[in-house]
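Since the structure comes first, as structure tokens, the remarks are kept for the end.
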Amino acid sequence: MLFWSTRQRICRLSKRCSTVNDQQERKIILVVGGAGYIGSLTTHYLASSNYQPIVLDNFSKGHREFLDGFEVVEADVTDPSSVNEVFTRYKIDAVVHFAALTEVGNSMRHPVEYYRTNVGGTINLLQAMENARVRKLVFSSSAAVYGNPVTVPISEKHALAPINPYGRTKLMMEQIIADAEQAWGLSWVALRYFNAAGADPLAPCGEWHDPETHLIPNLLLAAAGKKDNLQLFGTDHPTDDGTAVRDYVHVADLARAHIIALRHMDANAGGRIFNLGIGRGFSVREVIRSAKEVTGSEFGIVEADIRKGDPAVLLADPSAAMEELGWRPEYTDIDEIVRSAWDWYMKNGFEPPSP
């Protein structure tokens, strides 16, 4: 694996983040679940944007190696005493909350575990924030709260009808957070992601799940010969080429959005919800084509039936985030998104981080 020192990382990370001024006081941001795919990159971007991130993670899914040089508290958000201890130990200014179980299929098999972790953990976190008088929260939500779309593109006003326990937990978490605003004045921003993808090749963190369920990393694993073929679920969707269409938003754009949301709360009280996507969809066949062109590799495709509850099209309307936050996705071309992930995997030798 290829890693950089803290100073090198801050200096070399994305040019989209501001340079650290060591003479300024840095706000302390607790990043809950900061060892995961999006959380780890956000942690790096926070450090290079004049914040002091402290990560709380139980490392059940995330990677400690993604956080080399950062202060890390190994704890489980479902343990209220451990969460309260963090707020006692540090003078935290705001929280960015990523911690959740996220696999849709697994949520169908183990719903109680998802409610216990996602909803129960959020309750523990909010109680600790209230006790410590921490009044700012950025929450990692999901487009899964919408369920099967009635209209596309999907705006924040779309009906909320999640079709699996994962989506239902995310909606419940949003509702509990909104209740905390009414009860004790929490300021919050919930960011509903569409399909996170890509990597920052200059960062030591990227997309690495076990098992891997996402399309782009599985395509790249197939291109690298790390798996035999790719399963294509559904070729008879009511789309131009029969495959599902998704809105792929780059992880660097997502990470930047959390920093913008923190700054938004400095000037705006109350709560707000924003979709994060590029507003453009790519079919599975288009992504397969992109992966083959970017990697110069051929690999097998095994066609399979449409998965139950898999919508034909999921497409964001991100205009509210653009207008109110001033957020703009900088990666809008699928080849650029796929290439950024491929570059990161190539730099890291397609080997998972060491335990």
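Just so we're on the same page: first chain in the structure tokens is A, next is B, and so on; residues restart at 1 for each chain, and ligands are numbered from 1 in the order they show up.
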Using the chain letters and numbers from this document, which residues of segment 104-295 of chain A does DSSP assign to strand (DSSP E), as a ChimeraX atom specification?
/A:136-142,187-193,195-197,229-233,245-246,248-250,271-276,282-283
Which segment 18-60 of chain A residues have any atom within 6 Å of an atom of segment 69-74 of chain A, and for each, what is the nearest pair of atoms with distance in Å to one decimal, counting only C-alpha atoms, rows sorted by chain and number, as a Markdown table?
| residue | atom | partner | partner_atom | distance |
| --- | --- | --- | --- | --- |
| A:Ile54 | CA | A:Glu71 | CA | 5.3 |
| A:Val55 | CA | A:Val72 | CA | 4.7 |
| A:Leu56 | CA | A:Val73 | CA | 4.8 |
| A:Asp57 | CA | A:Glu74 | CA | 5.3 |
| A:Asn58 | CA | A:Glu74 | CA | 5.2 |
Can you pull out every residue within 9 Å of segment 31-33 of chain A, counting only C-alpha atoms, but drop anything in the same chain fewer than 3 positions away, and send it as JSON, numbers by chain?
{"A": [36, 39, 40, 42, 43, 53, 54, 55, 56, 57, 58, 59, 62, 77, 94, 95, 96, 97, 98, 99, 100, 125]}
Write a file of the selected residues as a short mmCIF file (atom, residue, chain, number, x, y, z; two decimals), in the first residue's frame, keeping N, CA and C atoms.
data_model
loop_
_atom_site.label_atom_id
_atom_site.label_comp_id
_atom_site.auth_asym_id
_atom_site.auth_seq_id
_atom_site.Cartn_x
_atom_site.Cartn_y
_atom_site.Cartn_z
N GLY A 36 -14.43 4.70 6.81
CA GLY A 36 -15.03 4.12 5.62
C GLY A 36 -14.66 4.87 4.35
N GLY A 39 -16.22 8.57 4.45
CA GLY A 39 -15.79 9.20 5.69
C GLY A 39 -14.30 9.45 5.76
N SER A 40 -13.49 8.51 5.26
CA SER A 40 -12.04 8.69 5.34
C SER A 40 -11.57 9.82 4.44
N THR A 42 -13.36 12.38 3.49
CA THR A 42 -13.83 13.61 4.12
C THR A 42 -12.90 14.01 5.26
N THR A 43 -12.41 13.04 6.02
CA THR A 43 -11.47 13.33 7.11
C THR A 43 -10.21 13.99 6.56
N PRO A 53 -9.93 17.10 12.43
CA PRO A 53 -10.84 15.96 12.55
C PRO A 53 -10.37 14.95 13.60
N ILE A 54 -11.31 14.44 14.35
CA ILE A 54 -11.08 13.31 15.25
C ILE A 54 -12.06 12.22 14.82
N VAL A 55 -11.57 11.02 14.60
CA VAL A 55 -12.40 9.95 14.05
C VAL A 55 -12.82 9.00 15.15
N LEU A 56 -14.12 8.68 15.16
CA LEU A 56 -14.67 7.60 15.99
C LEU A 56 -15.13 6.50 15.06
N ASP A 57 -14.59 5.29 15.23
CA ASP A 57 -14.95 4.17 14.36
C ASP A 57 -14.69 2.87 15.10
N ASN A 58 -15.51 1.86 14.83
CA ASN A 58 -15.27 0.55 15.45
C ASN A 58 -14.47 -0.38 14.54
N PHE A 59 -14.17 0.06 13.32
CA PHE A 59 -13.37 -0.67 12.34
C PHE A 59 -13.96 -2.03 11.96
N GLY A 62 -14.52 -0.23 8.20
CA GLY A 62 -13.53 0.73 7.73
C GLY A 62 -12.11 0.23 7.89
N VAL A 77 -20.53 3.19 18.07
CA VAL A 77 -21.57 4.20 18.29
C VAL A 77 -22.78 3.61 19.01
N ALA A 94 -18.39 20.39 16.08
CA ALA A 94 -19.44 19.88 15.20
C ALA A 94 -19.17 18.41 14.93
N VAL A 95 -20.20 17.73 14.42
CA VAL A 95 -20.12 16.29 14.16
C VAL A 95 -20.49 16.03 12.70
N VAL A 96 -19.74 15.13 12.06
CA VAL A 96 -20.12 14.60 10.76
C VAL A 96 -20.37 13.11 10.96
N HIS A 97 -21.58 12.67 10.65
CA HIS A 97 -22.05 11.33 11.03
C HIS A 97 -22.18 10.43 9.82
N PHE A 98 -21.23 9.48 9.69
CA PHE A 98 -21.26 8.49 8.62
C PHE A 98 -21.62 7.10 9.12
N ALA A 99 -21.53 6.85 10.40
CA ALA A 99 -21.58 5.48 10.93
C ALA A 99 -22.92 4.81 10.65
N ALA A 100 -22.89 3.73 9.89
CA ALA A 100 -24.11 2.99 9.58
C ALA A 100 -23.74 1.71 8.84
N LEU A 125 -25.63 9.05 19.71
CA LEU A 125 -24.83 10.20 19.30
C LEU A 125 -25.54 11.51 19.61
#
Name the residues of segment 24-252 of chain A that come out as alpha helix (DSSP H) in a backbone DSSP run; write them as JSON, numbers by chain.
{"A": [37, 38, 39, 40, 41, 42, 43, 44, 45, 46, 47, 80, 81, 82, 83, 84, 85, 86, 87, 88, 89, 104, 105, 106, 107, 108, 109, 111, 112, 113, 114, 121, 122, 123, 124, 125, 126, 127, 128, 129, 130, 131, 132, 165, 166, 167, 168, 169, 170, 171, 172, 173, 174, 175, 176, 177, 178, 179, 180, 181, 182, 183, 184, 215, 216, 217, 218, 219, 220, 221, 222, 223, 251, 252]}
Considering only C-alpha atoms, return as a ChimeraX atom specification whatever protein or nucleic-acid residues lie within 12 Å of Glu113 of chain A, sequence-local ones (same chain, fewer than 3 positions apart) excluded.
/A:78,100-103,106-110,116-121,165-166,169
Using N, CA and C atoms, can you write the selected residues to a file as a PDB file, in the first residue's frame?
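The file below, again_27.pdb, is the result:
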ATOM      1  N   THR A  78     -22.905   2.287  19.033  1.00  0.00           N
ATOM      2  CA  THR A  78     -24.009   1.668  19.769  1.00  0.00           C
ATOM      3  C   THR A  78     -23.732   1.582  21.268  1.00  0.00           C
ATOM      4  N   ALA A 100     -22.887   3.731   9.889  1.00  0.00           N
ATOM      5  CA  ALA A 100     -24.113   2.986   9.576  1.00  0.00           C
ATOM      6  C   ALA A 100     -23.739   1.709   8.843  1.00  0.00           C
ATOM      7  N   LEU A 101     -24.594   0.717   8.978  1.00  0.00           N
ATOM      8  CA  LEU A 101     -24.542  -0.443   8.099  1.00  0.00           C
ATOM      9  C   LEU A 101     -25.248  -0.057   6.809  1.00  0.00           C
ATOM     10  N   THR A 102     -24.693  -0.451   5.647  1.00  0.00           N
ATOM     11  CA  THR A 102     -25.158   0.132   4.391  1.00  0.00           C
ATOM     12  C   THR A 102     -25.538  -0.856   3.302  1.00  0.00           C
ATOM     13  N   GLU A 103     -25.391  -2.148   3.508  1.00  0.00           N
ATOM     14  CA  GLU A 103     -25.661  -3.102   2.441  1.00  0.00           C
ATOM     15  C   GLU A 103     -27.152  -3.420   2.389  1.00  0.00           C
ATOM     16  N   ASN A 106     -28.180  -7.150   2.749  1.00  0.00           N
ATOM     17  CA  ASN A 106     -27.962  -7.621   4.117  1.00  0.00           C
ATOM     18  C   ASN A 106     -29.008  -7.067   5.069  1.00  0.00           C
ATOM     19  N   SER A 107     -29.481  -5.849   4.780  1.00  0.00           N
ATOM     20  CA  SER A 107     -30.520  -5.270   5.636  1.00  0.00           C
ATOM     21  C   SER A 107     -31.824  -6.061   5.545  1.00  0.00           C
ATOM     22  N   MET A 108     -32.067  -6.687   4.402  1.00  0.00           N
ATOM     23  CA  MET A 108     -33.261  -7.522   4.250  1.00  0.00           C
ATOM     24  C   MET A 108     -33.146  -8.795   5.087  1.00  0.00           C
ATOM     25  N   ARG A 109     -31.919  -9.300   5.213  1.00  0.00           N
ATOM     26  CA  ARG A 109     -31.696 -10.533   5.971  1.00  0.00           C
ATOM     27  C   ARG A 109     -31.560 -10.286   7.467  1.00  0.00           C
ATOM     28  N   HIS A 110     -31.053  -9.111   7.827  1.00  0.00           N
ATOM     29  CA  HIS A 110     -30.783  -8.820   9.242  1.00  0.00           C
ATOM     30  C   HIS A 110     -31.335  -7.448   9.625  1.00  0.00           C
ATOM     31  N   ARG A 116     -30.765  -1.508  15.099  1.00  0.00           N
ATOM     32  CA  ARG A 116     -29.976  -1.344  16.324  1.00  0.00           C
ATOM     33  C   ARG A 116     -28.763  -0.454  16.069  1.00  0.00           C
ATOM     34  N   THR A 117     -28.061  -0.709  14.976  1.00  0.00           N
ATOM     35  CA  THR A 117     -26.835   0.040  14.683  1.00  0.00           C
ATOM     36  C   THR A 117     -27.135   1.431  14.166  1.00  0.00           C
ATOM     37  N   ASN A 118     -27.945   1.527  13.129  1.00  0.00           N
ATOM     38  CA  ASN A 118     -28.154   2.812  12.466  1.00  0.00           C
ATOM     39  C   ASN A 118     -29.011   3.759  13.301  1.00  0.00           C
ATOM     40  N   VAL A 119     -30.171   3.280  13.726  1.00  0.00           N
ATOM     41  CA  VAL A 119     -31.074   4.135  14.498  1.00  0.00           C
ATOM     42  C   VAL A 119     -30.598   4.270  15.943  1.00  0.00           C
ATOM     43  N   GLY A 120     -30.272   3.121  16.565  1.00  0.00           N
ATOM     44  CA  GLY A 120     -29.805   3.170  17.949  1.00  0.00           C
ATOM     45  C   GLY A 120     -28.522   3.972  18.101  1.00  0.00           C
ATOM     46  N   GLY A 121     -27.592   3.782  17.163  1.00  0.00           N
ATOM     47  CA  GLY A 121     -26.345   4.537  17.228  1.00  0.00           C
ATOM     48  C   GLY A 121     -26.564   6.031  17.081  1.00  0.00           C
ATOM     49  N   PRO A 165     -35.063  -2.229   4.696  1.00  0.00           N
ATOM     50  CA  PRO A 165     -34.719  -1.748   6.039  1.00  0.00           C
ATOM     51  C   PRO A 165     -33.609  -0.710   6.051  1.00  0.00           C
ATOM     52  N   TYR A 166     -32.625  -0.838   5.165  1.00  0.00           N
ATOM     53  CA  TYR A 166     -31.560   0.165   5.117  1.00  0.00           C
ATOM     54  C   TYR A 166     -32.145   1.553   4.855  1.00  0.00           C
ATOM     55  N   THR A 169     -34.105   2.853   7.814  1.00  0.00           N
ATOM     56  CA  THR A 169     -33.292   3.365   8.925  1.00  0.00           C
ATOM     57  C   THR A 169     -32.778   4.764   8.619  1.00  0.00           C
TER      58      THR A 169
END
